[in-house]
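A.B. asks: Dropping in protein.txt, with compact mmCIF, C-alpha atoms (C1' of nucleotides) and all ligand atoms.
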```txt
# COMPACT_ATOMS: atom_id res chain seq x y z
CA MET I 263 -12.07 7.42 13.51
CA GLU I 264 -9.83 5.44 15.81
CA GLN I 265 -12.24 2.53 15.68
CA GLY I 266 -12.33 2.61 11.92
CA HIS I 267 -8.57 2.58 11.67
CA ALA I 268 -8.30 -0.36 14.02
CA ARG I 269 -10.82 -2.18 11.88
CA ALA I 270 -8.93 -1.32 8.72
CA LEU I 271 -5.81 -2.83 10.25
CA LYS I 272 -7.63 -5.97 11.28
CA GLU I 273 -9.07 -6.32 7.82
CA ALA I 274 -5.56 -6.01 6.46
CA GLY I 275 -4.41 -8.76 8.81
CA MET I 276 -2.18 -6.45 10.84
CA LYS I 277 -2.04 -6.10 14.60
CA ALA I 278 -3.48 -2.84 15.86
CA THR I 279 -0.51 -1.68 17.87
CA PRO I 280 -0.56 1.80 19.40
CA LYS I 281 2.28 2.97 17.27
CA ARG I 282 0.84 1.61 14.07
CA LEU I 283 -2.47 3.25 14.84
CA ALA I 284 -0.76 6.52 15.65
CA ILE I 285 1.15 6.45 12.38
CA LEU I 286 -2.03 5.78 10.46
CA GLU I 287 -3.91 8.51 12.31
CA ALA I 288 -1.12 11.00 11.79
CA LEU I 289 -1.24 10.33 8.08
CA TYR I 290 -5.03 10.56 8.15
CA ALA I 291 -4.72 13.97 9.76
CA GLU I 292 -2.51 15.26 6.97
CA SER I 293 -4.14 17.07 4.10
CA GLY I 294 -1.30 15.98 1.84
CA TYR I 295 1.37 13.39 1.55
CA ALA I 296 4.05 12.99 4.21
CA SER I 297 7.48 11.47 4.56
CA PRO I 298 8.46 8.84 7.13
CA GLU I 299 10.73 11.29 8.93
CA GLU I 300 8.06 13.97 9.10
CA LEU I 301 5.60 11.57 10.66
CA TRP I 302 8.25 10.32 13.04
CA LYS I 303 9.02 13.85 14.23
CA ARG I 304 5.36 14.49 14.75
CA LEU I 305 4.85 11.32 16.77
CA ARG I 306 7.97 10.68 18.77
CA ASP I 307 6.94 12.94 21.67
CA ARG I 308 3.78 10.94 22.15
CA PHE I 309 5.76 7.82 22.98
CA ASP I 310 8.60 7.30 25.35
CA ARG I 311 10.28 5.52 22.51
CA LEU I 312 9.61 5.45 18.80
CA GLY I 313 12.22 4.47 16.28
CA LEU I 314 12.42 5.91 12.80
CA PRO I 315 12.83 2.40 11.36
CA THR I 316 9.50 1.52 12.96
CA VAL I 317 7.85 4.32 11.03
CA TYR I 318 9.48 3.24 7.79
CA ARG I 319 8.47 -0.36 8.38
CA ASN I 320 4.88 0.44 9.22
CA LEU I 321 4.37 2.77 6.31
CA GLU I 322 5.75 0.17 3.96
CA GLU I 323 3.51 -2.54 5.41
CA LEU I 324 0.47 -0.29 5.32
CA ALA I 325 1.14 0.55 1.69
CA ALA I 326 1.75 -3.09 0.83
CA SER I 327 -1.63 -4.03 2.25
CA GLY I 328 -3.34 -1.17 0.50
CA VAL I 329 -4.33 0.85 3.56
CA ILE I 330 -2.27 3.81 2.42
CA THR I 331 -0.81 4.93 -0.88
CA LYS I 332 2.63 5.80 -2.10
CA VAL I 333 3.17 9.05 -3.91
CA ILE I 334 5.63 9.21 -6.76
CA HIS I 335 7.92 12.15 -6.22
CA PRO I 336 10.54 13.73 -8.46
CA ASN I 337 13.11 13.55 -5.67
CA ARG I 338 12.53 9.81 -5.45
CA GLN I 339 12.10 9.84 -1.72
CA LEU I 340 9.33 7.98 0.02
CA TYR I 341 6.04 9.75 0.60
CA TYR I 342 2.73 8.32 1.69
CA PHE I 343 -0.85 9.45 1.64
CA PHE I 344 -4.00 8.25 3.33
CA CYS I 345 -6.92 7.97 0.94
CA PRO I 346 -10.24 6.65 2.21
CA ASN I 347 -11.42 5.81 -1.28
CA ARG I 348 -11.27 2.02 -1.57
CA GLU I 349 -11.90 1.86 -5.30
CA HIS I 350 -9.03 1.48 -7.68
CA HIS I 351 -8.11 5.00 -8.70
CA HIS I 352 -5.23 7.43 -9.10
CA HIS I 353 -4.23 10.85 -7.92
CA PHE I 354 -3.47 14.41 -8.71
CA VAL I 355 -0.63 15.73 -6.57
CA CYS I 356 0.07 19.39 -5.92
CA LEU I 357 3.82 19.91 -6.26
CA SER I 358 3.61 23.03 -4.15
CA CYS I 359 1.48 22.23 -1.09
CA ARG I 360 1.44 18.41 -1.24
CA LYS I 361 -2.30 18.15 -1.46
CA VAL I 362 -3.55 14.97 -3.07
CA GLU I 363 -6.84 14.67 -4.90
CA ASP I 364 -8.63 11.72 -6.41
CA LEU I 365 -8.84 11.36 -10.14
CA PRO I 366 -12.03 10.11 -11.72
CA ALA I 367 -12.21 6.35 -12.07
CA CYS I 368 -9.18 4.80 -13.71
CA GLY I 369 -9.99 3.91 -17.29
CA LEU I 370 -6.84 2.02 -18.09
CA SER I 371 -8.18 -1.51 -18.31
CA ALA I 372 -8.97 -1.05 -21.99
CA LEU I 373 -5.40 0.10 -22.57
CA GLU I 374 -4.07 -2.80 -20.53
CA GLN I 375 -6.01 -5.26 -22.63
CA GLU I 376 -4.93 -3.70 -25.86
CA VAL I 377 -1.30 -3.73 -24.78
CA SER I 378 -1.45 -7.31 -23.48
CA ARG I 379 -2.78 -8.36 -26.82
CA SER I 380 -0.44 -6.33 -28.98
CA ILE I 381 2.74 -7.37 -27.16
CA GLY I 382 1.53 -10.86 -26.38
CA GLY I 383 2.43 -10.45 -22.72
CA LYS I 384 0.82 -9.69 -19.39
CA VAL I 385 0.22 -6.28 -17.87
CA LEU I 386 0.59 -6.70 -14.13
CA SER I 387 0.27 -3.15 -12.86
CA HIS I 388 0.19 0.42 -13.92
CA ILE I 389 1.25 3.77 -12.61
CA LEU I 390 -0.73 6.91 -13.27
CA GLN I 391 -0.31 10.22 -11.52
CA LEU I 392 -0.98 13.81 -12.45
CA ASN I 393 1.27 16.47 -10.99
CA GLY I 394 0.60 20.16 -10.88
CA LEU I 395 -0.69 23.02 -8.79
CA CYS I 396 -3.94 22.80 -6.88
CA GLY I 397 -6.44 25.65 -7.06
CA VAL I 398 -4.97 27.50 -4.10
CA CYS I 399 -1.37 27.20 -5.27
CA ALA I 400 -2.17 28.01 -8.89
CA ALA I 401 -3.97 31.18 -7.78
CA ALA I 402 -1.05 32.14 -5.53
CA ALA I 403 1.45 31.54 -8.32
CA GLY I 404 -0.31 33.17 -11.23
CA GLY I 405 -2.87 35.44 -9.66
CA THR I 406 -1.03 38.35 -8.02
CA PRO I 407 1.56 39.96 -10.29
CA MET F 141 23.91 6.14 -36.01
CA GLU F 142 26.81 8.04 -34.55
CA GLN F 143 26.00 11.00 -36.73
CA GLY F 144 22.39 10.99 -35.64
CA HIS F 145 23.32 10.94 -31.99
CA ALA F 146 25.70 13.82 -32.40
CA ARG F 147 22.93 15.74 -34.09
CA ALA F 148 20.49 14.88 -31.33
CA LEU F 149 22.93 16.29 -28.82
CA LYS F 150 23.43 19.46 -30.79
CA GLU F 151 19.70 19.90 -31.09
CA ALA F 152 19.48 19.51 -27.33
CA GLY F 153 22.14 22.17 -26.91
CA MET F 154 24.70 19.80 -25.48
CA LYS F 155 28.31 19.39 -26.50
CA ALA F 156 29.00 16.16 -28.32
CA THR F 157 31.82 14.89 -26.15
CA PRO F 158 33.18 11.39 -26.77
CA LYS F 159 31.99 10.15 -23.42
CA ARG F 160 28.56 11.60 -23.78
CA LEU F 161 28.23 10.06 -27.20
CA ALA F 162 29.45 6.73 -25.89
CA ILE F 163 26.92 6.78 -23.07
CA LEU F 164 24.14 7.56 -25.48
CA GLU F 165 25.23 4.87 -27.90
CA ALA F 166 25.56 2.31 -25.14
CA LEU F 167 22.01 3.02 -24.08
CA TYR F 168 20.89 2.90 -27.69
CA ALA F 169 22.45 -0.55 -27.98
CA GLU F 170 20.44 -1.85 -25.04
CA SER F 171 17.17 -3.56 -25.74
CA GLY F 172 15.91 -2.54 -22.31
CA TYR F 173 16.53 0.00 -19.63
CA ALA F 174 19.90 0.27 -17.91
CA SER F 175 21.33 1.70 -14.73
CA PRO F 176 24.16 4.25 -14.56
CA GLU F 177 26.50 1.72 -13.01
CA GLU F 178 25.78 -0.90 -15.66
CA LEU F 179 26.55 1.56 -18.42
CA TRP F 180 29.66 2.69 -16.62
CA LYS F 181 30.96 -0.87 -16.33
CA ARG F 182 30.29 -1.42 -19.99
CA LEU F 183 32.12 1.75 -21.04
CA ARG F 184 35.03 2.26 -18.70
CA ASP F 185 37.39 -0.01 -20.64
CA ARG F 186 36.91 2.05 -23.75
CA PHE F 187 38.38 5.11 -22.06
CA ASP F 188 41.53 5.51 -20.09
CA ARG F 189 39.40 7.30 -17.56
CA LEU F 190 35.67 7.48 -17.02
CA GLY F 191 34.11 8.43 -13.75
CA LEU F 192 30.84 7.01 -12.51
CA PRO F 193 29.66 10.52 -11.60
CA THR F 194 30.16 11.46 -15.23
CA VAL F 195 27.75 8.73 -16.25
CA TYR F 196 25.21 9.81 -13.67
CA ARG F 197 25.54 13.43 -14.71
CA ASN F 198 25.22 12.75 -18.42
CA LEU F 199 22.23 10.46 -18.06
CA GLU F 200 20.48 13.06 -15.96
CA GLU F 201 21.22 15.79 -18.48
CA LEU F 202 20.14 13.63 -21.38
CA ALA F 203 16.89 12.83 -19.63
CA ALA F 204 16.33 16.46 -18.71
CA SER F 205 16.67 17.48 -22.33
CA GLY F 206 14.42 14.68 -23.49
CA VAL F 207 16.97 12.67 -25.42
CA ILE F 208 16.47 9.65 -23.17
CA THR F 209 13.74 8.54 -20.80
CA LYS F 210 13.64 7.60 -17.16
CA VAL F 211 11.99 4.37 -16.14
CA ILE F 212 10.03 4.21 -12.93
CA HIS F 213 11.20 1.20 -10.99
CA PRO F 214 9.83 -0.41 -7.82
CA ASN F 215 13.28 -0.37 -6.27
CA ARG F 216 13.41 3.38 -6.78
CA GLN F 217 16.82 3.30 -8.36
CA LEU F 218 17.68 5.19 -11.50
CA TYR F 219 17.17 3.51 -14.85
CA TYR F 220 17.21 5.00 -18.30
CA PHE F 221 16.03 4.00 -21.70
CA PHE F 222 16.67 5.25 -25.18
CA CYS F 223 13.52 5.64 -27.22
CA PRO F 224 13.73 7.04 -30.74
CA ASN F 225 10.06 7.96 -30.78
CA ARG F 226 9.92 11.74 -30.46
CA GLU F 227 6.17 11.96 -29.93
CA HIS F 228 4.81 12.32 -26.44
CA HIS F 229 4.05 8.81 -25.30
CA HIS F 230 4.50 6.31 -22.49
CA HIS F 231 5.87 2.85 -21.98
CA PHE F 232 5.25 -0.73 -21.09
CA VAL F 233 8.13 -2.15 -19.08
CA CYS F 234 8.86 -5.85 -18.67
CA LEU F 235 9.68 -6.46 -15.01
CA SER F 236 11.56 -9.59 -15.92
CA CYS F 237 13.84 -8.80 -18.87
CA ARG F 238 13.78 -4.98 -18.82
CA LYS F 239 12.40 -4.62 -22.29
CA VAL F 240 10.56 -1.36 -22.91
CA GLU F 241 7.82 -0.96 -25.47
CA ASP F 242 5.90 2.07 -26.63
CA LEU F 243 2.30 2.51 -25.69
CA PRO F 244 -0.16 3.86 -28.22
CA ALA F 245 -0.43 7.63 -28.21
CA CYS F 246 -1.05 9.13 -24.80
CA GLY F 247 -4.68 10.08 -24.45
CA LEU F 248 -4.43 11.93 -21.18
CA SER F 249 -4.97 15.48 -22.33
CA ALA F 250 -8.71 15.11 -21.94
CA LEU F 251 -8.21 13.88 -18.39
CA GLU F 252 -5.79 16.71 -17.71
CA GLN F 253 -8.31 19.25 -18.86
CA GLU F 254 -11.10 17.73 -16.85
CA VAL F 255 -8.93 17.65 -13.74
CA SER F 256 -7.66 21.19 -14.22
CA ARG F 257 -11.24 22.36 -14.44
CA SER F 258 -12.60 20.32 -11.56
CA ILE F 259 -9.87 21.23 -9.10
CA GLY F 260 -9.41 24.74 -10.42
CA GLY F 261 -5.66 24.24 -10.70
CA LYS F 262 -3.00 23.45 -13.28
CA VAL F 263 -1.82 20.04 -14.38
CA LEU F 264 1.87 20.38 -15.17
CA SER F 265 2.88 16.82 -15.91
CA HIS F 266 1.76 13.26 -15.74
CA ILE F 267 3.26 9.87 -15.19
CA LEU F 268 1.96 6.79 -16.93
CA GLN F 269 3.66 3.43 -17.14
CA LEU F 270 2.48 -0.12 -17.55
CA ASN F 271 4.48 -2.87 -15.90
CA GLY F 272 4.29 -6.55 -16.64
CA LEU F 273 5.80 -9.38 -18.57
CA CYS F 274 6.64 -9.13 -22.23
CA GLY F 275 5.62 -11.89 -24.61
CA VAL F 276 8.83 -13.84 -24.16
CA CYS F 277 8.86 -13.61 -20.38
CA ALA F 278 5.14 -14.35 -20.04
CA ALA F 279 5.56 -17.48 -22.12
CA ALA F 280 8.56 -18.56 -20.07
CA ALA F 281 6.69 -18.00 -16.83
CA GLY F 282 3.31 -19.50 -17.65
CA GLY F 283 3.95 -21.66 -20.65
CA THR F 284 5.94 -24.72 -19.51
CA PRO F 285 4.42 -26.38 -16.46
C1' DA H 111 -7.38 -14.00 33.92
C1' DT H 112 -3.12 -16.11 32.36
C1' DC H 113 -0.22 -18.11 28.78
C1' DC H 114 2.01 -18.41 24.63
C1' DT H 115 3.97 -17.18 20.45
C1' DA H 116 4.31 -14.92 16.19
C1' DA H 117 4.47 -10.29 15.20
C1' DA H 118 6.17 -5.87 16.21
C1' DA H 119 9.49 -2.55 17.94
C1' DC H 120 14.00 -1.07 19.23
C1' DG H 121 18.02 1.64 17.68
C1' DA H 122 22.75 1.58 16.73
C1' DA H 123 25.09 0.53 12.89
C1' DA H 124 25.56 -0.54 8.15
C1' DT H 125 24.48 0.17 3.48
C1' DC H 126 25.16 2.03 -0.81
C1' DA H 127 23.15 4.63 -4.57
C1' DT H 128 23.73 9.16 -5.58
C1' DT H 129 25.75 13.76 -5.13
C1' DT H 130 29.16 17.18 -4.05
C1' DC H 131 33.37 19.54 -4.54
C1' DT H 132 37.55 21.52 -6.42
C1' DA H 133 40.97 21.09 -9.72
C1' DT H 134 41.82 19.94 -14.47
C1' DT H 135 40.64 19.19 -19.24
C1' DT H 136 38.15 19.99 -23.51
C1' DA H 137 34.69 21.15 -27.32
C1' DG H 138 33.71 24.22 -30.43
C1' DG H 139 32.69 29.05 -31.62
C1' DA H 140 35.25 33.48 -32.47
C1' DT M 95 44.82 29.45 -32.96
C1' DC M 96 42.49 31.28 -28.77
C1' DC M 97 39.25 31.53 -25.42
C1' DT M 98 35.89 30.22 -22.25
C1' DA M 99 31.94 27.98 -20.73
C1' DA M 100 31.02 23.38 -20.37
C1' DA M 101 32.49 18.91 -19.16
C1' DT M 102 35.28 15.50 -16.47
C1' DA M 103 37.88 13.40 -12.71
C1' DG M 104 37.62 10.95 -8.56
C1' DA M 105 37.91 10.99 -3.80
C1' DA M 106 34.96 12.02 -0.39
C1' DA M 107 30.59 13.07 1.62
C1' DT M 108 25.87 12.42 1.95
C1' DG M 109 21.75 10.83 3.88
C1' DA M 110 17.71 8.24 3.09
C1' DT M 111 16.69 3.69 3.91
C1' DT M 112 17.63 -0.97 5.61
C1' DT M 113 19.64 -4.53 8.44
C1' DC M 114 20.31 -7.13 12.52
C1' DG M 115 20.16 -9.26 16.99
C1' DT M 116 17.55 -8.41 20.95
C1' DT M 117 13.52 -7.19 23.59
C1' DT M 118 8.68 -6.29 23.98
C1' DT M 119 3.84 -6.96 22.97
C1' DA M 120 -0.91 -7.95 20.91
C1' DG M 121 -4.24 -10.93 20.89
C1' DG M 122 -5.87 -15.69 20.30
C1' DA M 123 -5.90 -19.91 23.10
C1' DT M 124 -6.40 -22.17 27.50
MN MN J 501 -7.35 8.65 -3.59
MN MN J 502 9.06 5.03 -26.28
ZN ZN J 503 -1.37 23.06 -3.70
ZN ZN J 504 10.44 -9.54 -20.78
```
Could you render the structure as structure tokens?
Ligand SMILES: [Mn+2]
Ligand SMILES: [Mn+2]
Ligand SMILES: [Zn+2]
Ligand SMILES: [Zn+2]
C.D. replies:
Amino acid sequence: MEQGHARALKEAGMKATPKRLAILEALYAESGYASPEELWKRLRDRFDRLGLPTVYRNLEELAASGVITKVIHPNRQLYYFFCPNREHHHHFVCLSCRKVEDLPACGLSALEQEVSRSIGGKVLSHILQLNGLCGVCAAAAGGTP
Amino acid sequence: MEQGHARALKEAGMKATPKRLAILEALYAESGYASPEELWKRLRDRFDRLGLPTVYRNLEELAASGVITKVIHPNRQLYYFFCPNREHHHHFVCLSCRKVEDLPACGLSALEQEVSRSIGGKVLSHILQLNGLCGVCAAAAGGTP
DNA sequence: ATCCTAAAACGAAATCATTTCTATTTAGGA
DNA sequence: TCCTAAATAGAAATGATTTCGTTTTAGGAT
């Protein structure tokens, strides 16, 4: 997938630097969301030098250009997730194991229109996320009393 | 409305202390969301002593017991809003003037059920917020070229 | 292949919103 | 009026995130 990631970066107008690619691949390898520091710890051995600010900066840039996604977390820290799905959509997040799953197509445009009209303003963006326990975690929590 | 706020606190199982009431009333007086520090600056003259941590703590407790609402903000700082609507619902937030408006009744339970079923897990909560420009701010931005 | 330059990376240090901690005060039920 | 769990003070700590000035590099141009 290295090639594909390099292409994704080019399409986003970003240089395909080794560190940027490694950050993206590390996130791709995760089954769930990850924090900047976690990714940094996972990657720093692979480079003679890798600064934590570099990881923060790249994740932010990648999210800004839509290559990766931010997760909204109760602790208000930064978490990111790689989702290959290029359509506009939202996510279910497992609060226990960090797994992220796609929701069916976002049906909020009707709501956006209705709200724009009723308030006489402009809806510029929306946030939608479901939180809960994935199948595995729900079974582990409720299944063995 | 002082009486009503005291009652709301009692119903939430919280003591109606003067500072807590003042914080709640200050938020009630706002037309939009507010930060802990803003409320603190507005209130500290009214008391011989009022600590910023007290404001943080009270806002968090009030939000936890559902008396007030947290706003999700791009800068990831804490903002709160007082909404008298006791039904489960979500908000439109004006990114320019901080005004918050109710959205029509949340219709996400069908989605929650579908997702629970399809992933075999449990949906515990959801986040939904529309961001944009209210009527006034949209007119000011686009209306006078 | 070599140059050139804007972009990227470095990392120590700063930032600063938020939380912690321990002592003191208080609301409100008994 | 008493009692006690809850609430407050406020200085200090925290720690995730950002800033800054410098150095390095990717990748298009020559
Ligand atoms: Mn997705
Ligand atoms: Mn509301
Ligand atoms: Zn899970
Ligand atoms: Zn507005």
A.B. asks: Residues within 9 Å of Ala166 in chain F, please, as a PyMOL selection string. Count all atoms listed in the file; anything in the same chain fewer than 5 positions from it doesn't count.
C.D. replies: chain F and resi 161+179+182-183
A.B. asks: Using C-alpha atoms, can you write the selected residues to a file as a tab-separated table (two decimals), keeping the file's coordinate frame?
C.D. replies:
```
chain	number	residue	atom	x	y	z
F	161	LEU	CA	28.23	10.06	-27.20
F	179	LEU	CA	26.55	1.56	-18.42
F	182	ARG	CA	30.29	-1.42	-19.99
F	183	LEU	CA	32.12	1.75	-21.04
```
A.B. asks: So that I can check the surroundings of DC113 in chain H, please list as a VMD selection string every protein, DNA and RNA residue that reaches within 12 Å of it, counting all atoms listed in the file and ignoring chain neighbours fewer than 4 positions away.
C.D. replies: chain M and resid 121 to 124
A.B. asks: Return as a PDB file with C-alpha atoms, in the frame of the given file the residues of protein, DNA or RNA that approach ligand ZN 504 (chain J) to within 12 Å, with only C-alpha atoms (C1' of nucleotides) and all ligand atoms taken into account.
C.D. replies:
```
ATOM      1  CA  ILE I 381       2.740  -7.370 -27.160  1.00  0.00           C
ATOM      2  CA  GLY I 382       1.530 -10.860 -26.380  1.00  0.00           C
ATOM      3  CA  GLY I 383       2.430 -10.450 -22.720  1.00  0.00           C
ATOM      4  CA  LYS I 384       0.820  -9.690 -19.390  1.00  0.00           C
ATOM      5  CA  VAL I 385       0.220  -6.280 -17.870  1.00  0.00           C
TER       6      VAL I 385
ATOM      7  CA  SER F 171      17.170  -3.560 -25.740  1.00  0.00           C
ATOM      8  CA  GLY F 172      15.910  -2.540 -22.310  1.00  0.00           C
ATOM      9  CA  TYR F 173      16.530   0.000 -19.630  1.00  0.00           C
ATOM     10  CA  PHE F 232       5.250  -0.730 -21.090  1.00  0.00           C
ATOM     11  CA  VAL F 233       8.130  -2.150 -19.080  1.00  0.00           C
ATOM     12  CA  CYS F 234       8.860  -5.850 -18.670  1.00  0.00           C
ATOM     13  CA  LEU F 235       9.680  -6.460 -15.010  1.00  0.00           C
ATOM     14  CA  SER F 236      11.560  -9.590 -15.920  1.00  0.00           C
ATOM     15  CA  CYS F 237      13.840  -8.800 -18.870  1.00  0.00           C
ATOM     16  CA  ARG F 238      13.780  -4.980 -18.820  1.00  0.00           C
ATOM     17  CA  LYS F 239      12.400  -4.620 -22.290  1.00  0.00           C
ATOM     18  CA  VAL F 240      10.560  -1.360 -22.910  1.00  0.00           C
ATOM     19  CA  GLU F 241       7.820  -0.960 -25.470  1.00  0.00           C
ATOM     20  CA  ASN F 271       4.480  -2.870 -15.900  1.00  0.00           C
ATOM     21  CA  GLY F 272       4.290  -6.550 -16.640  1.00  0.00           C
ATOM     22  CA  LEU F 273       5.800  -9.380 -18.570  1.00  0.00           C
ATOM     23  CA  CYS F 274       6.640  -9.130 -22.230  1.00  0.00           C
ATOM     24  CA  GLY F 275       5.620 -11.890 -24.610  1.00  0.00           C
ATOM     25  CA  VAL F 276       8.830 -13.840 -24.160  1.00  0.00           C
ATOM     26  CA  CYS F 277       8.860 -13.610 -20.380  1.00  0.00           C
ATOM     27  CA  ALA F 278       5.140 -14.350 -20.040  1.00  0.00           C
ATOM     28  CA  ALA F 279       5.560 -17.480 -22.120  1.00  0.00           C
ATOM     29  CA  ALA F 280       8.560 -18.560 -20.070  1.00  0.00           C
ATOM     30  CA  ALA F 281       6.690 -18.000 -16.830  1.00  0.00           C
TER      31      ALA F 281
END
```
A.B. asks: Counting only C-alpha atoms (C1' of nucleotides), a student should be able to say which residues of chain F come within 8 Å of chain M; what is the right answer, written as a list of chain:residue names?
C.D. replies: F:Lys155, F:Arg189, F:Leu190, F:Gly191, F:Thr194
A.B. asks: Which residue gives the smallest distance to ligand MN 502 (chain J) among F:Phe222, F:Tyr196, F:Trp180, F:Phe187, with only C-alpha atoms and all ligand atoms counted?
C.D. replies: F:Phe222
A.B. asks: Given a cut-off of 9 Å, which residues of chain H touch chain F, counting all atoms listed in the file, written out as number ranges by chain?
C.D. replies: H: 127-129, 136-138
A.B. asks: What is the distance, in Å and to one decimal place, between CA of Leu289 in chain I and CA of Phe343 in chain I?
C.D. replies: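 Computing it gives 6.5 Å between the two atoms.
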A.B. asks: So which one's closest to ligand MN 501 (chain J), I:Lys332, I:Lys272, I:His353, I:Lys281? Using all atoms listed in the file, please.
C.D. replies: I:His353
A.B. asks: Could you work out how far atom MN of ligand MN 501 (chain J) lies from CA of Gly275 in chain I, giving the answer in Å with one decimal?
C.D. replies: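 It comes out at 21.6 Å.
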A.B. asks: Could the residues that lie within 6 Å of ligand MN 501 (chain J), counting only C-alpha atoms (C1' of nucleotides) and all ligand atoms, be listed as a list in words?
C.D. replies: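 The neighbouring residues of ligand MN 501 (chain J) are, in order, Cys345, Asn347, His353 and Asp364 of chain I.
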A.B. asks: Please indicate the distance in Å from CA of Ser258 in chain F to CA of His351 in chain I, rounded to one decimal place.
C.D. replies: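 That distance, rounded to one decimal, is 16.2 Å.
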A.B. asks: Which one of F:Ser256, F:Tyr219, F:Glu227, F:Glu151 sits closest to chain I if you count all atoms listed in the file?
C.D. replies: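 Using all atoms listed in the file, the shortest distance to chain I belongs to F:Ser256.
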A.B. asks: In the coordinates of the file, take the point (-7.0, 11.6, -11.9) and a cut-off of 9 Å; then, counting all atoms listed in the file, name each qualifying protein, DNA or RNA residue as number ranges by chain.
C.D. replies: I: 351-354, 363-368, 390-392; F: 251-252, 254-255
A.B. asks: Please determine, counting all atoms listed in the file, which residue among F:Ala250, F:Ile212, F:Ala204, F:Val195 has the shortest atom-to-atom distance to chain I.
C.D. replies: F:Ile212
A.B. asks: What lies within 7 Å of Ala152 in chain F using only C-alpha atoms (C1' of nucleotides), ignoring chain neighbours under 3 positions off, as a PyMOL selection string?
C.D. replies: chain F and resi 148-149+205
A.B. asks: Write the selection just made, keeping C-alpha atoms, as a PDB file, in the coordinates of the input?
C.D. replies:
```pdb
ATOM      1  CA  ALA F 148      20.490  14.880 -31.330  1.00  0.00           C
ATOM      2  CA  LEU F 149      22.930  16.290 -28.820  1.00  0.00           C
ATOM      3  CA  SER F 205      16.670  17.480 -22.330  1.00  0.00           C
TER       4      SER F 205
END
```
A.B. asks: Complete the atom set of range 366-370 of chain I to all heavy atoms and return it as a PDB file, keeping the file's coordinate frame.
C.D. replies:
```
ATOM      1  N   PRO I 366     -10.862  10.918 -11.365  1.00  0.00           N
ATOM      2  CA  PRO I 366     -12.030  10.110 -11.720  1.00  0.00           C
ATOM      3  C   PRO I 366     -11.599   8.680 -12.046  1.00  0.00           C
ATOM      4  O   PRO I 366     -10.436   8.449 -12.382  1.00  0.00           O
ATOM      5  CB  PRO I 366     -12.590  10.794 -12.972  1.00  0.00           C
ATOM      6  CG  PRO I 366     -11.756  11.984 -13.232  1.00  0.00           C
ATOM      7  CD  PRO I 366     -10.699  12.094 -12.213  1.00  0.00           C
ATOM      8  N   ALA I 367     -12.514   7.787 -11.946  1.00  0.00           N
ATOM      9  CA  ALA I 367     -12.210   6.350 -12.070  1.00  0.00           C
ATOM     10  C   ALA I 367     -11.194   6.052 -13.155  1.00  0.00           C
ATOM     11  O   ALA I 367     -11.261   6.580 -14.273  1.00  0.00           O
ATOM     12  CB  ALA I 367     -13.510   5.587 -12.338  1.00  0.00           C
ATOM     13  N   CYS I 368     -10.257   5.195 -12.808  1.00  0.00           N
ATOM     14  CA  CYS I 368      -9.180   4.800 -13.710  1.00  0.00           C
ATOM     15  C   CYS I 368      -9.737   4.070 -14.922  1.00  0.00           C
ATOM     16  O   CYS I 368     -10.396   3.054 -14.776  1.00  0.00           O
ATOM     17  CB  CYS I 368      -8.206   3.899 -12.975  1.00  0.00           C
ATOM     18  SG  CYS I 368      -7.129   2.937 -14.030  1.00  0.00           S
ATOM     19  N   GLY I 369      -9.467   4.568 -16.103  1.00  0.00           N
ATOM     20  CA  GLY I 369      -9.990   3.910 -17.290  1.00  0.00           C
ATOM     21  C   GLY I 369      -8.908   3.202 -18.079  1.00  0.00           C
ATOM     22  O   GLY I 369      -8.925   3.208 -19.308  1.00  0.00           O
ATOM     23  N   LEU I 370      -7.984   2.594 -17.387  1.00  0.00           N
ATOM     24  CA  LEU I 370      -6.840   2.020 -18.090  1.00  0.00           C
ATOM     25  C   LEU I 370      -7.000   0.549 -18.458  1.00  0.00           C
ATOM     26  O   LEU I 370      -6.139  -0.019 -19.123  1.00  0.00           O
ATOM     27  CB  LEU I 370      -5.571   2.193 -17.250  1.00  0.00           C
ATOM     28  CG  LEU I 370      -5.057   3.627 -17.143  1.00  0.00           C
ATOM     29  CD1 LEU I 370      -3.806   3.691 -16.280  1.00  0.00           C
ATOM     30  CD2 LEU I 370      -4.744   4.179 -18.535  1.00  0.00           C
TER      31      LEU I 370
END
```
